[in-house]
Amino acid sequence: MTRDEAANESLIEIKDLSRIYTMGEVNVRALNNVTFEIKRGEFAAIMGKSGSGKSTLLHQLGLLDAPTSGEIIFSGKNISGLSESEKAKFRLSKFGYVFQEYALLPELTAIENVYLPAMALGRKKEEYLKAGTEVLGNVGLGTRLHHRPREMSGGEQQRVAIARALINRPDILFADEPTANLDSDSSKQVIELFQKLNEETGLTILMVTHEPDDIKYVSKVVWLRDGELAEM
Amino acid sequence: MFNNFKLSLFLASKSMMRGNKSTQLLIIFIMSLIFVNLVFIGSIFLGVTEATNKQVINSLYSNVVIEPKKDEKYISDVYSLEQKIKGVPGVVGISSQYVTGATLSYKDKHGTWIVRAINPDDEMKVTTNHNYLIAGNYLSKLDENEILLGKEIAGGYGGDLEYNSLGVKVGDSIDVLFDNGVKKSYRVKGIFDANFIQTNVMAYISRNDMESIVGLEDKASQILVKTQDNGNEDRYIKQFLEMGIKEEIKPWTVYAGMVKNITNSFDMIAMMISAIGLFVAVITIFIIVYTSTISKRKQIGILRAVGIEGSIIIQSYIFQALFIVISGIFIGLIIIFFAIKPWFIEHPLKFPIGLASLLILPEKVSANAVSLIIAALAAGFIPSWLAVRKTIIDTIWGD
C-alpha cells in the first residue's frame with residue numbers, strides 16, 4: 001500500500017457512539033450518537049468547551065472505557081466487544097497514549113519508562129534497549145536516558161511519555177491535552193514533535209486540546225458540543 | 001507467561017530498590033520481629049515441655065517403670081527380674097526401690113513426704129539427682145541411718161514450699177515415722193536441688209536400711225529402667241512383655257499426668273499466640289500493600305492504560321510482599337540463632353518444673369516461615385486485586 005492509498009484508508013471509525021454515566025439516580029449522557037472516522041496518517045484534534053465530552057470520546061476510542069452503545073471499528077474490525085485482556089493487548093501493540101499529567105513511573109528512569117511497554121510486548125532485551133535509546137534520541141532526550149522523572153522538567157517528562165507511546169510503533173497515538181501542564185515553549189516543542197512524527201512517519205494522531213492555536217498544526221478538527229458532534 | 005513473570009519482577013524490584021529505603025527497612029524489621037515472635041513463643045513452650053519431660057525422666061521415673069502385679073504390694077524375686085531386664089539390649093540402668101510415705105520431724109516441725117529406699121550405685125545409673133547436691137554428700141550403699149533430703153523438705157534454700165520445710169542442715173538428726181509404725185532417727189547426709197519441685201519433695205535412704213525396717217528381702221515397690229534413648233519406651237516394654245514379665249510395665253509418660261496437662265495447655269497457648277502473630281503479620285502486610293496501592297493508584301491506572309495486564313501488576317505487588325517477608329524471615333533467623341538462642345542457653349528460664357531453654361525445631365521454624373509466606377501472598381494479592389479490578393478511568397481519574 002502506498003502512502004497515498006494508506007491516507008484514504010479508514011483507520012478508526014465510530015458509529016452512533018454513546019456513553020451514559022450513572023451518578024446516583026441521575027443518568028449523564030456524556031456522548032450522544034457520535035459518528036465519524038479518522039483516516040490513517042491524519043493528525044486530528046478533538047476540540048470543544050469543558051464538559052463537551054472530548055476526553056470521554058478519546059477514552060472510548062483508546063479502549064480505556066467502554067461505550068454504552070455504538071461501535072468502534074479499527075482497521076475494519078469491531079473492537080468495542082473485546083475482553084479486558086484482549087483490550088490490554090490491543091492497547092499495548094496498536095495504541096500509544098500521552099496524558100496531560102505525563103504519567104511516568106517515578107521509580108523508573110527515562111529509558112525504563114520508555115521500554116516498559118516493549119518489555120510487556122515480549123521483545124528481547126537488546127532490542128528494547130536499542131529501541132528505547134533511539135526513540136528517546138528522536139524526542140531530543142538522548143542525553144537524559146538514566147534520569148528519573150523528578151530530575152526532569154515538565155516538557156522533558158512529556159517527551160519521555162511521547163517516547164513511551166511510540167516504542168511499540170503504534171498505529172495511532174492518543175493524546176489527552178498533552179500541553180495543558182506545560183509552559184508555552186514546552187507546549188510548542190510537544191506539538192511540533194507531534195507534527196514532525198505525523199509528517200515524517202505517517203503516524204496517525206488524535207489529540208484532545210482546548211488550545212485554539214493548535215488548529216494550525218492539525219489536518220482535521222472534530223468539534224464537540226454537549227456530547228454531540230458539532231462540526232468537522 | 002515467563003515474560004509476565006519477568007515484567008512483574010522488574011516492576012517490583014525497581015519499586016523496592018528506588019522506594020523509600022528507611023521505610024522499607026523499618027517494615028522488614030517489623031516482619032523480622034513478627035517472625036521472631038512466632039518462633040520464640042513456640043520454642044519457649046516447646047523448651048518448657050522438653051525440660052519438664054526430661055525432669056520427669058531424669059529425676060523421677062527414668063524411662064520405664066515396673067510395678068507390682070495387681071493386688072500385690074511388692075514385686076517379688078527382684079534379683080532374677082533385674083538380671084532378665086539387664087540382658088535386654090539398650091537397657092543402661094536399673095534401680096529397684098521401696099517407696100513409702102513417712103512423717104519426718106525435726107524439733108517442733110514435721111511433715112509427710114515420700115521416702116524412696118535405693119541402692120545408690122544403681123540409682124546413679126537411672127536418675128541424675130546425685131549431680132544436684134547443694135549440701136553434704138550423696139548416699140552410699142553401706143550407709144545406715146543416713147538420709148538425703150530434697151530442698152523443699154530441708155528448707156533454707158529458697159524453695160517454693162519453705163513454709164512446710166523442716167529447716168534442717170546437713171548433720172542434723174531428724175526422726176522418721178514410717179507407714180508401718182516404725183520410728184527411727186536419721187542424720188541428714190545431703191540436700192539436693194533437682195530443679196524440679198516434684199523431686200525436691202522426696203527423701204532417699206539406703207535400700208538395706210529399709211529392708212530392716214519393713215522386714216523384707218529381694219522385694220521392691222518399683223523398678224526404674226533407664227534406656228539408652230528417649231521416645232522408644234513402647235519398644236522396650238514390648239520386649240519385656242515378650243520375655244514373660246508379668247508385672248505392670250508402664251512408660252514414664254503415664255506418671256507425667258500433671259505435667260502433661262501443663263504441656264498440653266502450653267501447646268494450646270503457643271498455637272493461639274502463633275495464630276495472633278500470623279494475623280498481625282497479614283494485617284501489617286495488607287496495610288503496607290494497601291497503602292502502597294492507594295498512593296500508586298494513578299500509576300496502576302497508567303500501567304493498565306499502556307497495556308500492562310492487571311495480573312502483572314498484582315504479581316508485582318505479591319513479589320514486593322514476598323520480598324519484605326522473606327527478608328524479614330532471614331533477619332529473624334539471624335536474630336534467633338545468633339542472639340536469642342545463645343542468650344537462653346546462657347540464661348535458662350527457671351520454672352518450678354525445672355530450667356527451660358528454647359527448643360527450636362527446624363520443622364516448626366519452617367512451618368512458621370511457610371505460614372508467613374502464605375500470609376504475604378494473601379496480603380499482597382487482596383489490595384492489589386482490589387486496585388486492579390476498578391476501571392482504568394476510575395483508577396487514574398477517580399476520587
# chains A, B, ... in the order shown; residues from 1 in each chain; ligands from 1
call {"tool": "closest_atom_pairs", "arguments": {"of": "chain A", "to": "chain B", "cutoff": "6 Å", "atoms": "only C-alpha atoms", "output": "tab-separated table"}}
result
residue	atom	partner	partner_atom	distance
A:Ala88	CA	B:Gly307	CA	4.4
A:Lys89	CA	B:Gly307	CA	5.9
A:Arg91	CA	B:Gly307	CA	5.1
A:Leu92	CA	B:Gly307	CA	4.2
A:Glu107	CA	B:Arg18	CA	5.6
call {"tool": "residues_around", "arguments": {"residues": "Arg40 in chain A", "least_positions_apart": "6", "cutoff": "8 Å", "atoms": "only C-alpha atoms", "output": "list in words"}}
result
Ala6, Ala7, Asn8, Glu9, Ser10, Leu11, Ile12, Gly202, Leu203 and Thr204 of chain A
call {"tool": "write_last_selection", "arguments": {"atoms": "N, CA, C and O atoms", "output": "PDB file, in the first residue's frame"}}
result
ATOM      1  N   ALA A   6      -2.774   4.590   1.609  1.00  0.00           N
ATOM      2  CA  ALA A   6      -2.962   4.447   3.065  1.00  0.00           C
ATOM      3  C   ALA A   6      -3.722   5.636   3.616  1.00  0.00           C
ATOM      4  O   ALA A   6      -4.557   5.498   4.518  1.00  0.00           O
ATOM      5  N   ALA A   7      -3.468   6.794   3.050  1.00  0.00           N
ATOM      6  CA  ALA A   7      -4.112   8.017   3.559  1.00  0.00           C
ATOM      7  C   ALA A   7      -5.626   7.975   3.370  1.00  0.00           C
ATOM      8  O   ALA A   7      -6.360   8.631   4.088  1.00  0.00           O
ATOM      9  N   ASN A   8      -6.083   7.217   2.410  1.00  0.00           N
ATOM     10  CA  ASN A   8      -7.522   7.122   2.184  1.00  0.00           C
ATOM     11  C   ASN A   8      -8.171   6.001   2.986  1.00  0.00           C
ATOM     12  O   ASN A   8      -9.392   5.874   2.994  1.00  0.00           O
ATOM     13  N   GLU A   9      -7.322   5.189   3.628  1.00  0.00           N
ATOM     14  CA  GLU A   9      -7.849   4.044   4.390  1.00  0.00           C
ATOM     15  C   GLU A   9      -8.406   4.540   5.722  1.00  0.00           C
ATOM     16  O   GLU A   9      -7.769   5.344   6.411  1.00  0.00           O
ATOM     17  N   SER A  10      -9.598   4.074   6.048  1.00  0.00           N
ATOM     18  CA  SER A  10     -10.175   4.450   7.336  1.00  0.00           C
ATOM     19  C   SER A  10      -9.483   3.637   8.432  1.00  0.00           C
ATOM     20  O   SER A  10      -9.484   2.410   8.404  1.00  0.00           O
ATOM     21  N   LEU A  11      -8.837   4.331   9.383  1.00  0.00           N
ATOM     22  CA  LEU A  11      -8.139   3.602  10.458  1.00  0.00           C
ATOM     23  C   LEU A  11      -9.096   3.331  11.600  1.00  0.00           C
ATOM     24  O   LEU A  11      -9.161   2.217  12.126  1.00  0.00           O
ATOM     25  N   ILE A  12      -9.816   4.368  11.959  1.00  0.00           N
ATOM     26  CA  ILE A  12     -10.733   4.205  13.082  1.00  0.00           C
ATOM     27  C   ILE A  12     -12.061   4.876  12.750  1.00  0.00           C
ATOM     28  O   ILE A  12     -12.084   6.001  12.258  1.00  0.00           O
ATOM     29  N   GLY A 202       4.172   9.212   9.172  1.00  0.00           N
ATOM     30  CA  GLY A 202       2.784   8.927   8.804  1.00  0.00           C
ATOM     31  C   GLY A 202       1.949   8.445   9.977  1.00  0.00           C
ATOM     32  O   GLY A 202       0.876   7.865   9.795  1.00  0.00           O
ATOM     33  N   LEU A 203       2.451   8.700  11.193  1.00  0.00           N
ATOM     34  CA  LEU A 203       1.732   8.261  12.397  1.00  0.00           C
ATOM     35  C   LEU A 203       0.396   9.000  12.518  1.00  0.00           C
ATOM     36  O   LEU A 203       0.345  10.222  12.398  1.00  0.00           O
ATOM     37  N   THR A 204      -0.665   8.247  12.759  1.00  0.00           N
ATOM     38  CA  THR A 204      -1.976   8.857  12.973  1.00  0.00           C
ATOM     39  C   THR A 204      -2.030   9.375  14.413  1.00  0.00           C
ATOM     40  O   THR A 204      -1.648   8.650  15.340  1.00  0.00           O
TER      41      THR A 204
END
call {"tool": "atom_distance", "arguments": {"atom1": "CA of Phe279 in chain B", "atom2": "CA of Ser265 in chain B"}}
result
21.0 Å
call {"tool": "closest_residue", "arguments": {"among": "A:Leu108, A:Ala161, A:Leu197, A:Leu116", "to": "Asn138 in chain A", "atoms": "only C-alpha atoms"}}
result
A:Leu197
call {"tool": "residues_around", "arguments": {"residues": "Val115 in chain B", "least_positions_apart": "4", "cutoff": "9 Å", "atoms": "only C-alpha atoms", "output": "list in words"}}
result
Tyr98, Val99, Thr100, Gly101, Ala102, Phe178, Met202, Ala203, Tyr204 and Ile205 of chain B
call {"tool": "write_last_selection", "arguments": {"atoms": "N, CA, C and O atoms", "output": "PDB file, in the first residue's frame"}}
result
ATOM      1  N   TYR B  98      12.159 -49.279  97.248  1.00  0.00           N
ATOM      2  CA  TYR B  98      10.993 -49.322  98.119  1.00  0.00           C
ATOM      3  C   TYR B  98      10.501 -47.890  98.202  1.00  0.00           C
ATOM      4  O   TYR B  98      11.304 -46.966  98.408  1.00  0.00           O
ATOM      5  N   VAL B  99       9.211 -47.718  98.036  1.00  0.00           N
ATOM      6  CA  VAL B  99       8.658 -46.353  98.123  1.00  0.00           C
ATOM      7  C   VAL B  99       7.596 -46.355  99.214  1.00  0.00           C
ATOM      8  O   VAL B  99       6.703 -47.209  99.234  1.00  0.00           O
ATOM      9  N   THR B 100       7.733 -45.434 100.132  1.00  0.00           N
ATOM     10  CA  THR B 100       6.774 -45.390 101.228  1.00  0.00           C
ATOM     11  C   THR B 100       6.529 -43.957 101.679  1.00  0.00           C
ATOM     12  O   THR B 100       7.359 -43.068 101.438  1.00  0.00           O
ATOM     13  N   GLY B 101       5.427 -43.749 102.300  1.00  0.00           N
ATOM     14  CA  GLY B 101       5.188 -42.450 102.903  1.00  0.00           C
ATOM     15  C   GLY B 101       5.778 -42.445 104.303  1.00  0.00           C
ATOM     16  O   GLY B 101       5.869 -43.487 104.953  1.00  0.00           O
ATOM     17  N   ALA B 102       6.207 -41.282 104.772  1.00  0.00           N
ATOM     18  CA  ALA B 102       6.772 -41.216 106.126  1.00  0.00           C
ATOM     19  C   ALA B 102       6.607 -39.803 106.663  1.00  0.00           C
ATOM     20  O   ALA B 102       6.577 -38.839 105.898  1.00  0.00           O
ATOM     21  N   PHE B 178       7.739 -44.248 109.793  1.00  0.00           N
ATOM     22  CA  PHE B 178       7.304 -44.889 108.544  1.00  0.00           C
ATOM     23  C   PHE B 178       5.832 -45.284 108.629  1.00  0.00           C
ATOM     24  O   PHE B 178       5.258 -45.371 109.710  1.00  0.00           O
ATOM     25  N   MET B 202      11.079 -35.132  97.920  1.00  0.00           N
ATOM     26  CA  MET B 202      11.317 -36.548  98.271  1.00  0.00           C
ATOM     27  C   MET B 202      12.575 -36.691  99.110  1.00  0.00           C
ATOM     28  O   MET B 202      13.460 -35.827  99.096  1.00  0.00           O
ATOM     29  N   ALA B 203      12.624 -37.803  99.838  1.00  0.00           N
ATOM     30  CA  ALA B 203      13.813 -38.135 100.638  1.00  0.00           C
ATOM     31  C   ALA B 203      14.305 -39.513 100.201  1.00  0.00           C
ATOM     32  O   ALA B 203      13.526 -40.353  99.740  1.00  0.00           O
ATOM     33  N   TYR B 204      15.590 -39.720 100.335  1.00  0.00           N
ATOM     34  CA  TYR B 204      16.174 -41.016  99.953  1.00  0.00           C
ATOM     35  C   TYR B 204      16.929 -41.609 101.133  1.00  0.00           C
ATOM     36  O   TYR B 204      17.648 -40.892 101.862  1.00  0.00           O
ATOM     37  N   ILE B 205      16.742 -42.936 101.332  1.00  0.00           N
ATOM     38  CA  ILE B 205      17.585 -43.666 102.286  1.00  0.00           C
ATOM     39  C   ILE B 205      18.113 -44.894 101.554  1.00  0.00           C
ATOM     40  O   ILE B 205      17.716 -45.174 100.428  1.00  0.00           O
TER      41      ILE B 205
END
call {"tool": "select_by_dssp", "arguments": {"residues": "range 75-200 of chain A", "states": "strand (DSSP E)", "output": "list of chain:residue names"}}
result
A:Lys77, A:Asn78, A:Phe95, A:Gly96, A:Tyr97, A:Val98, A:Ile172, A:Leu173, A:Phe174, A:Ala175, A:Asp176
call {"tool": "residues_around", "arguments": {"residues": "Lys141 in chain B", "least_positions_apart": "2", "cutoff": "10 Å", "atoms": "only C-alpha atoms", "output": "number ranges by chain"}}
result
B: 118-122, 139, 143-144, 205-209
call {"tool": "atom_distance", "arguments": {"atom1": "CA of Ile147 in chain B", "atom2": "CA of Thr253 in chain B"}}
result
28.5 Å
call {"tool": "residues_around", "arguments": {"residues": "Leu224 in chain B", "least_positions_apart": "4", "cutoff": "8 Å", "atoms": "only C-alpha atoms", "output": "list in words"}}
result
Tyr61, Ser62, Asn63, Val64, Val65, Ile66, Ile94, Ser95, Ser96, Gln97 and Val126 of chain B
call {"tool": "residues_around", "arguments": {"residues": "Lys220 in chain A", "least_positions_apart": "5", "cutoff": "12 Å", "atoms": "only C-alpha atoms", "output": "list in words"}}
result
Phe36, Glu37, Ile38, Lys39, Gly41, Glu42, Phe43, Ala44, Ala45, Ile46, Met47, Thr204, Ile205, Leu206, Met207, Val208, Asp214, Ile215, Glu231 and Met232 of chain A
call {"tool": "write_last_selection", "arguments": {"atoms": "all heavy atoms", "output": "compact mmCIF listing (two decimals), in the first residue's frame"}}
result
# COMPACT_ATOMS: atom_id res chain seq x y z
N PHE A 36 -18.06 9.37 13.37
CA PHE A 36 -17.04 9.99 12.48
C PHE A 36 -15.94 8.97 12.23
O PHE A 36 -15.94 7.88 12.81
CB PHE A 36 -16.50 11.30 13.04
CG PHE A 36 -15.59 11.18 14.23
CD1 PHE A 36 -14.22 11.07 14.06
CD2 PHE A 36 -16.11 11.16 15.52
CE1 PHE A 36 -13.39 10.96 15.17
CE2 PHE A 36 -15.29 11.06 16.62
CZ PHE A 36 -13.92 10.96 16.45
N GLU A 37 -15.02 9.34 11.36
CA GLU A 37 -13.89 8.43 11.12
C GLU A 37 -12.58 9.20 11.07
O GLU A 37 -12.57 10.40 10.77
CB GLU A 37 -14.09 7.62 9.84
CG GLU A 37 -13.97 8.42 8.58
CD GLU A 37 -13.92 7.55 7.32
OE1 GLU A 37 -13.84 6.30 7.44
OE2 GLU A 37 -13.94 8.13 6.23
N ILE A 38 -11.51 8.49 11.36
CA ILE A 38 -10.16 9.06 11.25
C ILE A 38 -9.42 8.19 10.23
O ILE A 38 -9.41 6.96 10.37
CB ILE A 38 -9.41 9.02 12.61
CG1 ILE A 38 -10.17 9.80 13.70
CG2 ILE A 38 -7.97 9.50 12.48
CD1 ILE A 38 -10.15 11.30 13.53
N LYS A 39 -8.84 8.85 9.26
CA LYS A 39 -8.10 8.08 8.26
C LYS A 39 -6.65 7.89 8.72
O LYS A 39 -6.12 8.67 9.52
CB LYS A 39 -8.14 8.81 6.92
CG LYS A 39 -9.53 8.83 6.28
CD LYS A 39 -9.41 9.30 4.86
CE LYS A 39 -10.70 9.42 4.10
NZ LYS A 39 -11.84 8.69 4.50
N GLY A 41 -2.93 8.18 8.99
CA GLY A 41 -2.00 9.26 8.66
C GLY A 41 -2.52 10.65 9.00
O GLY A 41 -1.82 11.64 8.85
N GLU A 42 -3.77 10.71 9.52
CA GLU A 42 -4.29 12.03 9.88
C GLU A 42 -3.75 12.49 11.23
O GLU A 42 -3.45 11.66 12.10
CB GLU A 42 -5.83 11.98 9.96
CG GLU A 42 -6.51 12.17 8.62
CD GLU A 42 -8.03 12.27 8.76
OE1 GLU A 42 -8.60 11.64 9.67
OE2 GLU A 42 -8.63 12.99 7.96
N PHE A 43 -3.65 13.81 11.37
CA PHE A 43 -3.35 14.42 12.68
C PHE A 43 -4.60 15.21 13.03
O PHE A 43 -4.82 16.29 12.51
CB PHE A 43 -2.11 15.31 12.55
CG PHE A 43 -1.68 15.97 13.85
CD1 PHE A 43 -2.25 15.64 15.08
CD2 PHE A 43 -0.66 16.93 13.84
CE1 PHE A 43 -1.82 16.25 16.26
CE2 PHE A 43 -0.24 17.55 15.01
CZ PHE A 43 -0.82 17.22 16.21
N ALA A 44 -5.44 14.61 13.88
CA ALA A 44 -6.75 15.21 14.15
C ALA A 44 -6.82 15.73 15.58
O ALA A 44 -6.17 15.19 16.48
CB ALA A 44 -7.84 14.18 13.92
N ALA A 45 -7.60 16.75 15.75
CA ALA A 45 -7.80 17.31 17.10
C ALA A 45 -9.28 17.19 17.46
O ALA A 45 -10.15 17.34 16.62
CB ALA A 45 -7.37 18.76 17.14
N ILE A 46 -9.54 16.86 18.72
CA ILE A 46 -10.91 16.90 19.24
C ILE A 46 -11.00 18.14 20.10
O ILE A 46 -10.20 18.30 21.04
CB ILE A 46 -11.24 15.65 20.08
CG1 ILE A 46 -11.03 14.37 19.25
CG2 ILE A 46 -12.67 15.71 20.60
CD1 ILE A 46 -11.18 13.09 20.07
N MET A 47 -11.89 19.01 19.76
CA MET A 47 -11.98 20.28 20.48
C MET A 47 -13.42 20.54 20.94
O MET A 47 -14.36 19.91 20.46
CB MET A 47 -11.49 21.43 19.60
CG MET A 47 -10.02 21.25 19.19
SD MET A 47 -9.34 22.63 18.28
CE MET A 47 -8.92 23.76 19.58
N THR A 204 -0.67 8.25 12.76
CA THR A 204 -1.98 8.86 12.97
C THR A 204 -2.03 9.37 14.41
O THR A 204 -1.65 8.65 15.34
CB THR A 204 -3.09 7.81 12.77
OG1 THR A 204 -2.85 7.13 11.54
CG2 THR A 204 -4.46 8.44 12.78
N ILE A 205 -2.47 10.59 14.57
CA ILE A 205 -2.54 11.18 15.92
C ILE A 205 -3.94 11.76 16.14
O ILE A 205 -4.47 12.46 15.28
CB ILE A 205 -1.47 12.30 16.10
CG1 ILE A 205 -0.05 11.73 15.88
CG2 ILE A 205 -1.58 12.93 17.49
CD1 ILE A 205 1.04 12.79 15.86
N LEU A 206 -4.49 11.44 17.28
CA LEU A 206 -5.77 12.02 17.68
C LEU A 206 -5.56 12.70 19.02
O LEU A 206 -5.20 12.04 20.00
CB LEU A 206 -6.85 10.93 17.77
CG LEU A 206 -8.27 11.41 18.08
CD1 LEU A 206 -8.76 12.41 17.03
CD2 LEU A 206 -9.22 10.22 18.12
N MET A 207 -5.75 14.01 19.04
CA MET A 207 -5.37 14.78 20.23
C MET A 207 -6.55 15.60 20.75
O MET A 207 -7.22 16.29 19.97
CB MET A 207 -4.22 15.71 19.84
CG MET A 207 -3.78 16.69 20.90
SD MET A 207 -2.37 17.68 20.36
CE MET A 207 -3.14 18.78 19.20
N VAL A 208 -6.78 15.51 22.02
CA VAL A 208 -7.77 16.40 22.65
C VAL A 208 -7.04 17.67 23.04
O VAL A 208 -5.97 17.61 23.66
CB VAL A 208 -8.39 15.72 23.90
CG1 VAL A 208 -9.17 16.74 24.72
CG2 VAL A 208 -9.29 14.57 23.51
N ASP A 214 -3.58 25.36 18.42
CA ASP A 214 -3.17 24.04 17.94
C ASP A 214 -3.80 23.69 16.59
O ASP A 214 -3.33 22.81 15.88
CB ASP A 214 -3.56 22.94 18.96
CG ASP A 214 -2.73 23.05 20.24
OD1 ASP A 214 -1.71 23.78 20.21
OD2 ASP A 214 -3.10 22.42 21.25
N ILE A 215 -4.87 24.42 16.23
CA ILE A 215 -5.59 24.12 14.98
C ILE A 215 -4.65 24.16 13.77
O ILE A 215 -4.76 23.36 12.85
CB ILE A 215 -6.78 25.09 14.79
CG1 ILE A 215 -7.82 24.84 15.89
CG2 ILE A 215 -7.42 24.94 13.41
CD1 ILE A 215 -8.98 25.80 15.88
N GLU A 231 -19.31 19.90 14.54
CA GLU A 231 -18.87 20.08 13.15
C GLU A 231 -17.54 19.40 12.97
O GLU A 231 -16.83 19.06 13.93
CB GLU A 231 -18.79 21.57 12.81
CG GLU A 231 -17.58 22.30 13.30
CD GLU A 231 -17.60 23.80 12.98
OE1 GLU A 231 -18.25 24.57 13.71
OE2 GLU A 231 -16.93 24.18 12.01
N MET A 232 -17.14 19.19 11.68
CA MET A 232 -15.84 18.58 11.39
C MET A 232 -15.10 19.40 10.34
O MET A 232 -15.71 19.99 9.48
CB MET A 232 -16.03 17.15 10.87
CG MET A 232 -16.28 16.17 11.98
SD MET A 232 -16.36 14.47 11.39
CE MET A 232 -14.68 14.13 10.99
